[in-house]
>>> print(open('coords-v7.tsv').read())   # TSV, N, CA and C atoms
chain	number	residue	atom	x	y	z
A	1	MET	N	0.84	-1.18	0.00
A	1	MET	CA	0.00	0.00	0.00
A	1	MET	C	0.89	1.24	0.00
A	2	ALA	N	0.49	2.25	-0.74
A	2	ALA	CA	1.30	3.46	-0.89
A	2	ALA	C	1.24	4.36	0.34
A	3	VAL	N	0.14	4.30	1.10
A	3	VAL	CA	0.00	5.13	2.30
A	3	VAL	C	-0.23	4.20	3.48
A	4	THR	N	0.65	4.31	4.46
A	4	THR	CA	0.50	3.51	5.68
A	4	THR	C	0.67	4.44	6.89
A	5	SER	N	0.15	3.99	8.01
A	5	SER	CA	0.33	4.79	9.23
A	5	SER	C	0.55	3.86	10.41
A	6	LYS	N	1.35	4.35	11.32
A	6	LYS	CA	1.61	3.64	12.57
A	6	LYS	C	1.85	4.71	13.62
A	7	ALA	N	1.06	4.65	14.66
A	7	ALA	CA	1.10	5.66	15.73
A	7	ALA	C	0.92	7.04	15.09
A	8	ASN	N	1.87	7.93	15.31
A	8	ASN	CA	1.76	9.30	14.79
A	8	ASN	C	2.64	9.52	13.56
A	9	LYS	N	2.81	8.48	12.77
A	9	LYS	CA	3.66	8.57	11.59
A	9	LYS	C	2.88	8.08	10.37
A	10	ILE	N	2.82	8.91	9.34
A	10	ILE	CA	2.18	8.53	8.08
A	10	ILE	C	3.28	8.42	7.03
A	11	THR	N	3.37	7.27	6.40
A	11	THR	CA	4.40	7.02	5.41
A	11	THR	C	3.78	6.95	4.02
A	12	LEU	N	4.37	7.68	3.10
A	12	LEU	CA	3.93	7.68	1.71
A	12	LEU	C	5.06	7.10	0.86
A	13	LYS	N	4.72	6.13	0.01
A	13	LYS	CA	5.72	5.47	-0.83
A	13	LYS	C	5.27	5.47	-2.28
A	14	ALA	N	6.25	5.43	-3.17
A	14	ALA	CA	6.03	5.37	-4.62
A	14	ALA	C	5.33	6.64	-5.09
A	15	VAL	N	4.27	6.49	-5.87
A	15	VAL	CA	3.51	7.63	-6.38
A	15	VAL	C	2.16	7.67	-5.68
A	16	ILE	N	1.82	8.83	-5.13
A	16	ILE	CA	0.56	8.99	-4.41
A	16	ILE	C	-0.39	9.77	-5.31
A	17	TYR	N	-1.46	9.11	-5.74
A	17	TYR	CA	-2.44	9.72	-6.64
A	17	TYR	C	-3.58	10.34	-5.85
A	18	GLU	N	-4.43	11.08	-6.57
A	18	GLU	CA	-5.54	11.78	-5.93
A	18	GLU	C	-6.56	10.85	-5.30
A	19	ASP	N	-6.59	9.59	-5.72
A	19	ASP	CA	-7.54	8.65	-5.11
A	19	ASP	C	-7.19	8.33	-3.66
A	20	GLN	N	-6.02	8.76	-3.19
A	20	GLN	CA	-5.62	8.55	-1.80
A	20	GLN	C	-6.11	9.65	-0.86
A	21	VAL	N	-6.70	10.72	-1.42
A	21	VAL	CA	-7.16	11.83	-0.59
A	21	VAL	C	-8.13	11.36	0.50
A	22	PRO	N	-9.19	10.60	0.19
A	22	PRO	CA	-10.10	10.18	1.27
A	22	PRO	C	-9.40	9.36	2.36
A	23	THR	N	-8.49	8.50	1.97
A	23	THR	CA	-7.75	7.69	2.94
A	23	THR	C	-6.93	8.57	3.87
A	24	ILE	N	-6.20	9.50	3.30
A	24	ILE	CA	-5.36	10.38	4.10
A	24	ILE	C	-6.22	11.30	4.97
A	25	ARG	N	-7.31	11.82	4.42
A	25	ARG	CA	-8.20	12.69	5.19
A	25	ARG	C	-8.72	11.96	6.42
A	26	LYS	N	-9.16	10.70	6.26
A	26	LYS	CA	-9.66	9.92	7.39
A	26	LYS	C	-8.60	9.73	8.46
A	27	LYS	N	-7.37	9.44	8.03
A	27	LYS	CA	-6.28	9.27	8.98
A	27	LYS	C	-6.00	10.57	9.74
A	28	LEU	N	-6.01	11.68	9.02
A	28	LEU	CA	-5.72	12.97	9.66
A	28	LEU	C	-6.82	13.34	10.64
A	29	ILE	N	-8.05	13.11	10.28
A	29	ILE	CA	-9.16	13.40	11.20
A	29	ILE	C	-9.05	12.54	12.45
A	30	LYS	N	-8.70	11.27	12.26
A	30	LYS	CA	-8.58	10.35	13.40
A	30	LYS	C	-7.43	10.76	14.32
A	31	LEU	N	-6.33	11.25	13.76
A	31	LEU	CA	-5.14	11.56	14.55
A	31	LEU	C	-5.14	12.98	15.12
A	32	ALA	N	-5.93	13.87	14.59
A	32	ALA	CA	-5.94	15.26	15.06
A	32	ALA	C	-6.29	15.30	16.54
A	33	PRO	N	-5.67	16.12	17.31
A	33	PRO	CA	-4.68	17.16	17.05
A	33	PRO	C	-3.24	16.72	17.35
A	34	GLU	N	-2.98	15.44	17.25
A	34	GLU	CA	-1.64	14.91	17.57
A	34	GLU	C	-0.57	15.50	16.65
A	35	GLU	N	0.66	15.57	17.17
A	35	GLU	CA	1.79	15.96	16.33
A	35	GLU	C	2.13	14.77	15.43
A	36	LEU	N	2.24	15.02	14.13
A	36	LEU	CA	2.47	13.95	13.16
A	36	LEU	C	3.81	14.09	12.46
A	37	GLU	N	4.26	12.96	11.95
A	37	GLU	CA	5.41	12.96	11.06
A	37	GLU	C	4.96	12.36	9.73
A	38	PHE	N	5.18	13.09	8.65
A	38	PHE	CA	4.94	12.57	7.32
A	38	PHE	C	6.28	12.12	6.76
A	39	ASN	N	6.41	10.82	6.51
A	39	ASN	CA	7.65	10.27	5.99
A	39	ASN	C	7.49	10.08	4.48
A	40	LEU	N	8.24	10.86	3.72
A	40	LEU	CA	8.19	10.80	2.26
A	40	LEU	C	9.53	10.36	1.67
A	41	THR	N	10.35	9.69	2.46
A	41	THR	CA	11.69	9.33	2.00
A	41	THR	C	11.68	8.35	0.83
A	42	ASP	N	10.63	7.53	0.71
A	42	ASP	CA	10.53	6.58	-0.40
A	42	ASP	C	9.42	6.96	-1.38
A	43	CYS	N	9.07	8.24	-1.38
A	43	CYS	CA	7.97	8.71	-2.23
A	43	CYS	C	8.55	9.33	-3.51
A	44	ASP	N	8.00	8.93	-4.65
A	44	ASP	CA	8.46	9.46	-5.93
A	44	ASP	C	7.71	10.72	-6.33
A	45	ASP	N	6.42	10.75	-6.07
A	45	ASP	CA	5.61	11.92	-6.43
A	45	ASP	C	4.32	11.91	-5.62
A	46	VAL	N	3.76	13.10	-5.41
A	46	VAL	CA	2.55	13.25	-4.61
A	46	VAL	C	1.60	14.19	-5.36
A	47	HIS	N	0.36	13.77	-5.51
A	47	HIS	CA	-0.64	14.61	-6.17
A	47	HIS	C	-0.88	15.86	-5.31
A	48	LEU	N	-1.15	16.98	-5.97
A	48	LEU	CA	-1.34	18.24	-5.27
A	48	LEU	C	-2.49	18.18	-4.27
A	49	ALA	N	-3.54	17.43	-4.56
A	49	ALA	CA	-4.67	17.31	-3.63
A	49	ALA	C	-4.23	16.66	-2.31
A	50	VAL	N	-3.30	15.73	-2.38
A	50	VAL	CA	-2.77	15.08	-1.18
A	50	VAL	C	-1.89	16.07	-0.41
A	51	ILE	N	-1.09	16.82	-1.13
A	51	ILE	CA	-0.26	17.84	-0.49
A	51	ILE	C	-1.15	18.85	0.24
A	52	GLN	N	-2.26	19.22	-0.36
A	52	GLN	CA	-3.18	20.16	0.28
A	52	GLN	C	-3.70	19.61	1.60
A	53	GLN	N	-3.98	18.32	1.66
A	53	GLN	CA	-4.45	17.72	2.91
A	53	GLN	C	-3.37	17.81	3.99
A	54	MET	N	-2.14	17.52	3.62
A	54	MET	CA	-1.04	17.58	4.58
A	54	MET	C	-0.80	19.01	5.05
A	55	LEU	N	-0.86	19.96	4.13
A	55	LEU	CA	-0.61	21.35	4.51
A	55	LEU	C	-1.77	21.93	5.32
A	56	ALA	N	-2.98	21.47	5.07
A	56	ALA	CA	-4.11	21.91	5.90
A	56	ALA	C	-3.91	21.43	7.33
A	57	TYR	N	-3.40	20.21	7.49
A	57	TYR	CA	-3.10	19.70	8.83
A	57	TYR	C	-2.01	20.55	9.47
A	58	LYS	N	-0.97	20.84	8.68
A	58	LYS	CA	0.14	21.64	9.20
A	58	LYS	C	-0.32	23.03	9.62
A	59	LYS	N	-1.30	23.58	8.95
A	59	LYS	CA	-1.81	24.90	9.30
A	59	LYS	C	-2.44	24.90	10.69
A	60	MET	N	-3.07	23.81	11.06
A	60	MET	CA	-3.78	23.76	12.33
A	60	MET	C	-3.01	23.07	13.45
A	61	TYR	N	-2.13	22.13	13.12
A	61	TYR	CA	-1.45	21.32	14.14
A	61	TYR	C	0.04	21.21	13.82
A	62	ASN	N	0.80	20.68	14.74
A	62	ASN	CA	2.23	20.48	14.54
A	62	ASN	C	2.48	19.21	13.73
A	63	CYS	N	3.38	19.32	12.78
A	63	CYS	CA	3.81	18.14	12.04
A	63	CYS	C	5.17	18.39	11.43
A	64	THR	N	5.85	17.30	11.14
A	64	THR	CA	7.15	17.36	10.49
A	64	THR	C	7.12	16.51	9.23
A	65	PHE	N	8.09	16.77	8.37
A	65	PHE	CA	8.19	16.05	7.11
A	65	PHE	C	9.60	15.51	6.95
A	66	LYS	N	9.70	14.24	6.57
A	66	LYS	CA	11.00	13.63	6.27
A	66	LYS	C	11.05	13.38	4.76
A	67	PHE	N	12.12	13.86	4.12
A	67	PHE	CA	12.28	13.72	2.68
A	67	PHE	C	13.53	12.92	2.37
A	68	SER	N	13.62	12.45	1.14
A	68	SER	CA	14.82	11.74	0.70
A	68	SER	C	15.92	12.78	0.43
A	69	ASP	N	17.09	12.30	0.06
A	69	ASP	CA	18.21	13.20	-0.22
A	69	ASP	C	18.03	13.94	-1.54
A	70	THR	N	17.21	13.41	-2.43
A	70	THR	CA	16.95	14.05	-3.71
A	70	THR	C	15.78	15.04	-3.55
A	71	ILE	N	16.02	16.29	-3.87
A	71	ILE	CA	14.98	17.31	-3.72
A	71	ILE	C	13.96	17.15	-4.85
A	72	THR	N	12.68	17.13	-4.47
A	72	THR	CA	11.59	16.97	-5.43
A	72	THR	C	10.74	18.25	-5.48
A	73	ASN	N	9.89	18.34	-6.49
A	73	ASN	CA	9.00	19.50	-6.59
A	73	ASN	C	8.03	19.55	-5.42
A	74	TYR	N	7.50	18.38	-5.01
A	74	TYR	CA	6.56	18.39	-3.89
A	74	TYR	C	7.26	18.83	-2.60
A	75	GLN	N	8.53	18.50	-2.45
A	75	GLN	CA	9.28	18.95	-1.27
A	75	GLN	C	9.40	20.47	-1.27
A	76	LYS	N	9.67	21.06	-2.42
A	76	LYS	CA	9.76	22.52	-2.51
A	76	LYS	C	8.44	23.18	-2.14
A	77	ILE	N	7.33	22.58	-2.57
A	77	ILE	CA	6.01	23.13	-2.24
A	77	ILE	C	5.77	23.06	-0.74
A	78	ILE	N	6.04	21.90	-0.15
A	78	ILE	CA	5.79	21.71	1.29
A	78	ILE	C	6.68	22.62	2.12
A	79	GLU	N	7.95	22.68	1.76
A	79	GLU	CA	8.88	23.51	2.55
A	79	GLU	C	8.61	25.00	2.35
A	80	GLY	N	8.00	25.37	1.24
A	80	GLY	CA	7.71	26.78	0.99
A	80	GLY	C	6.42	27.25	1.64
A	81	PHE	N	5.65	26.31	2.23
A	81	PHE	CA	4.38	26.65	2.85
A	81	PHE	C	4.61	27.19	4.24
A	82	SER	N	3.97	28.33	4.54
A	82	SER	CA	4.03	28.90	5.87
A	82	SER	C	2.60	29.15	6.35
A	83	PRO	N	2.17	28.50	7.43
A	83	PRO	CA	0.84	28.75	7.96
A	83	PRO	C	0.59	30.21	8.28
A	84	ALA	N	1.63	30.95	8.59
A	84	ALA	CA	1.49	32.37	8.92
A	84	ALA	C	1.03	33.18	7.71
A	85	ASP	N	1.28	32.67	6.51
A	85	ASP	CA	0.90	33.39	5.29
A	85	ASP	C	-0.57	33.19	4.94
A	86	CYS	N	-1.26	32.31	5.65
A	86	CYS	CA	-2.66	32.01	5.32
A	86	CYS	C	-3.63	32.93	6.01
>>> encode(input="coords-v7.tsv", output="C-alpha cells")
Amino acid sequence: MAVTSKANKITLKAVIYEDQVPTIRKKLIKLAPEELEFNLTDCDDVHLAVIQQMLAYKKMYNCTFKFSDTITNYQKIIEGFSPADC
C-alpha cells in the first residue's frame, strides 16, 4: 500500500495519486490534534490534492516532514508553505 500509518507517523511510498485523498483525510481526522510525522523518504511523487491535505493539517497542528536526499518538486512546495501566510 502506498500510504501507511503507525502511531503518529504517516508514510507515503512510490507515487501517491488523488484517489488517496479520502484515505489520508480519514487518517488525519482520526489523529488530530496529535503531532504527526509525514515520511516521504521513499515517495516518488505526490498529487497536489494530497499535499493540500497535509498542509491543511500543518496549518492547524504540529507536524514534520521527512524527505529523501533528492529534492523533489513536492518537497519545494511543502517547505515553501508557511501557515502564517494564510
>>> select_by_dssp(input="coords-v7.tsv", residues="stretch 46-86 of chain A", states="helix (DSSP H, G or I)", output="list of chain:residue names")
A:Leu48, A:Ala49, A:Val50, A:Ile51, A:Gln52, A:Gln53, A:Met54, A:Leu55, A:Ala56, A:Tyr57, A:Lys58, A:Lys59, A:Met60, A:Asn73, A:Tyr74, A:Gln75, A:Lys76, A:Ile77, A:Ile78, A:Glu79, A:Gly80, A:Pro83, A:Ala84, A:Asp85
>>> closest_residue(input="coords-v7.tsv", among="A:Asn8, A:Lys30, A:Lys13, A:Ser82", to="A:Asp45", atoms="all atoms listed in the file")
A:Lys13
>>> select_by_dssp(input="coords-v7.tsv", residues="chain A", states="strand (DSSP E or B)", output="list in words")
Val3, Thr4, Ser5, Lys6, Lys9, Ile10, Thr11, Leu12, Lys13, Ala14, Val15, Ile16, Leu36, Glu37, Phe38, Asn39, Leu40, Thr41, Asp42, Cys43, Asp44, Asp45, Val46, Cys63, Thr64, Phe65, Lys66 and Phe67 of chain A
>>> write_last_selection(input="coords-v7.tsv", atoms="N, CA and C atoms", output="PDB file, in the coordinates of the input")
ATOM      1  N   VAL A   3       0.140   4.300   1.100  1.00  0.00           N
ATOM      2  CA  VAL A   3       0.000   5.130   2.300  1.00  0.00           C
ATOM      3  C   VAL A   3      -0.230   4.200   3.480  1.00  0.00           C
ATOM      4  N   THR A   4       0.650   4.310   4.460  1.00  0.00           N
ATOM      5  CA  THR A   4       0.500   3.510   5.680  1.00  0.00           C
ATOM      6  C   THR A   4       0.670   4.440   6.890  1.00  0.00           C
ATOM      7  N   SER A   5       0.150   3.990   8.010  1.00  0.00           N
ATOM      8  CA  SER A   5       0.330   4.790   9.230  1.00  0.00           C
ATOM      9  C   SER A   5       0.550   3.860  10.410  1.00  0.00           C
ATOM     10  N   LYS A   6       1.350   4.350  11.320  1.00  0.00           N
ATOM     11  CA  LYS A   6       1.610   3.640  12.570  1.00  0.00           C
ATOM     12  C   LYS A   6       1.850   4.710  13.620  1.00  0.00           C
ATOM     13  N   LYS A   9       2.810   8.480  12.770  1.00  0.00           N
ATOM     14  CA  LYS A   9       3.660   8.570  11.590  1.00  0.00           C
ATOM     15  C   LYS A   9       2.880   8.080  10.370  1.00  0.00           C
ATOM     16  N   ILE A  10       2.820   8.910   9.340  1.00  0.00           N
ATOM     17  CA  ILE A  10       2.180   8.530   8.080  1.00  0.00           C
ATOM     18  C   ILE A  10       3.280   8.420   7.030  1.00  0.00           C
ATOM     19  N   THR A  11       3.370   7.270   6.400  1.00  0.00           N
ATOM     20  CA  THR A  11       4.400   7.020   5.410  1.00  0.00           C
ATOM     21  C   THR A  11       3.780   6.950   4.020  1.00  0.00           C
ATOM     22  N   LEU A  12       4.370   7.680   3.100  1.00  0.00           N
ATOM     23  CA  LEU A  12       3.930   7.680   1.710  1.00  0.00           C
ATOM     24  C   LEU A  12       5.060   7.100   0.860  1.00  0.00           C
ATOM     25  N   LYS A  13       4.720   6.130   0.010  1.00  0.00           N
ATOM     26  CA  LYS A  13       5.720   5.470  -0.830  1.00  0.00           C
ATOM     27  C   LYS A  13       5.270   5.470  -2.280  1.00  0.00           C
ATOM     28  N   ALA A  14       6.250   5.430  -3.170  1.00  0.00           N
ATOM     29  CA  ALA A  14       6.030   5.370  -4.620  1.00  0.00           C
ATOM     30  C   ALA A  14       5.330   6.640  -5.090  1.00  0.00           C
ATOM     31  N   VAL A  15       4.270   6.490  -5.870  1.00  0.00           N
ATOM     32  CA  VAL A  15       3.510   7.630  -6.380  1.00  0.00           C
ATOM     33  C   VAL A  15       2.160   7.670  -5.680  1.00  0.00           C
ATOM     34  N   ILE A  16       1.820   8.830  -5.130  1.00  0.00           N
ATOM     35  CA  ILE A  16       0.560   8.990  -4.410  1.00  0.00           C
ATOM     36  C   ILE A  16      -0.390   9.770  -5.310  1.00  0.00           C
ATOM     37  N   LEU A  36       2.240  15.020  14.130  1.00  0.00           N
ATOM     38  CA  LEU A  36       2.470  13.950  13.160  1.00  0.00           C
ATOM     39  C   LEU A  36       3.810  14.090  12.460  1.00  0.00           C
ATOM     40  N   GLU A  37       4.260  12.960  11.950  1.00  0.00           N
ATOM     41  CA  GLU A  37       5.410  12.960  11.060  1.00  0.00           C
ATOM     42  C   GLU A  37       4.960  12.360   9.730  1.00  0.00           C
ATOM     43  N   PHE A  38       5.180  13.090   8.650  1.00  0.00           N
ATOM     44  CA  PHE A  38       4.940  12.570   7.320  1.00  0.00           C
ATOM     45  C   PHE A  38       6.280  12.120   6.760  1.00  0.00           C
ATOM     46  N   ASN A  39       6.410  10.820   6.510  1.00  0.00           N
ATOM     47  CA  ASN A  39       7.650  10.270   5.990  1.00  0.00           C
ATOM     48  C   ASN A  39       7.490  10.080   4.480  1.00  0.00           C
ATOM     49  N   LEU A  40       8.240  10.860   3.720  1.00  0.00           N
ATOM     50  CA  LEU A  40       8.190  10.800   2.260  1.00  0.00           C
ATOM     51  C   LEU A  40       9.530  10.360   1.670  1.00  0.00           C
ATOM     52  N   THR A  41      10.350   9.690   2.460  1.00  0.00           N
ATOM     53  CA  THR A  41      11.690   9.330   2.000  1.00  0.00           C
ATOM     54  C   THR A  41      11.680   8.350   0.830  1.00  0.00           C
ATOM     55  N   ASP A  42      10.630   7.530   0.710  1.00  0.00           N
ATOM     56  CA  ASP A  42      10.530   6.580  -0.400  1.00  0.00           C
ATOM     57  C   ASP A  42       9.420   6.960  -1.380  1.00  0.00           C
ATOM     58  N   CYS A  43       9.070   8.240  -1.380  1.00  0.00           N
ATOM     59  CA  CYS A  43       7.970   8.710  -2.230  1.00  0.00           C
ATOM     60  C   CYS A  43       8.550   9.330  -3.510  1.00  0.00           C
ATOM     61  N   ASP A  44       8.000   8.930  -4.650  1.00  0.00           N
ATOM     62  CA  ASP A  44       8.460   9.460  -5.930  1.00  0.00           C
ATOM     63  C   ASP A  44       7.710  10.720  -6.330  1.00  0.00           C
ATOM     64  N   ASP A  45       6.420  10.750  -6.070  1.00  0.00           N
ATOM     65  CA  ASP A  45       5.610  11.920  -6.430  1.00  0.00           C
ATOM     66  C   ASP A  45       4.320  11.910  -5.620  1.00  0.00           C
ATOM     67  N   VAL A  46       3.760  13.100  -5.410  1.00  0.00           N
ATOM     68  CA  VAL A  46       2.550  13.250  -4.610  1.00  0.00           C
ATOM     69  C   VAL A  46       1.600  14.190  -5.360  1.00  0.00           C
ATOM     70  N   CYS A  63       3.380  19.320  12.780  1.00  0.00           N
ATOM     71  CA  CYS A  63       3.810  18.140  12.040  1.00  0.00           C
ATOM     72  C   CYS A  63       5.170  18.390  11.430  1.00  0.00           C
ATOM     73  N   THR A  64       5.850  17.300  11.140  1.00  0.00           N
ATOM     74  CA  THR A  64       7.150  17.360  10.490  1.00  0.00           C
ATOM     75  C   THR A  64       7.120  16.510   9.230  1.00  0.00           C
ATOM     76  N   PHE A  65       8.090  16.770   8.370  1.00  0.00           N
ATOM     77  CA  PHE A  65       8.190  16.050   7.110  1.00  0.00           C
ATOM     78  C   PHE A  65       9.600  15.510   6.950  1.00  0.00           C
ATOM     79  N   LYS A  66       9.700  14.240   6.570  1.00  0.00           N
ATOM     80  CA  LYS A  66      11.000  13.630   6.270  1.00  0.00           C
ATOM     81  C   LYS A  66      11.050  13.380   4.760  1.00  0.00           C
ATOM     82  N   PHE A  67      12.120  13.860   4.120  1.00  0.00           N
ATOM     83  CA  PHE A  67      12.280  13.720   2.680  1.00  0.00           C
ATOM     84  C   PHE A  67      13.530  12.920   2.370  1.00  0.00           C
TER      85      PHE A  67
END
>>> residues_around(input="coords-v7.tsv", residues="stretch 67-80 of chain A", least_positions_apart="3", cutoff="12 Å", atoms="only C-alpha atoms", output="PyMOL selection string")
chain A and resi 11-13+15-16+37-59+63-64+83-85
>>> atom_distance(input="coords-v7.tsv", atom1="atom C of A:Ala32", atom2="atom CA of A:Met60")
9.8 Å
>>> atom_distance(input="coords-v7.tsv", atom1="atom N of A:Ala2", atom2="atom CA of A:Lys66")
17.0 Å
>>> closest_residue(input="coords-v7.tsv", among="A:Tyr17, A:Ile24, A:Glu35, A:Phe81", to="A:Asn62", atoms="all atoms listed in the file")
A:Glu35
>>> closest_residue(input="coords-v7.tsv", among="A:Thr4, A:Ala14, A:Phe65, A:Lys9", to="A:Leu31", atoms="only C-alpha atoms")
A:Lys9
>>> atom_distance(input="coords-v7.tsv", atom1="atom CA of A:Ala7", atom2="atom C of A:Cys86")
29.3 Å
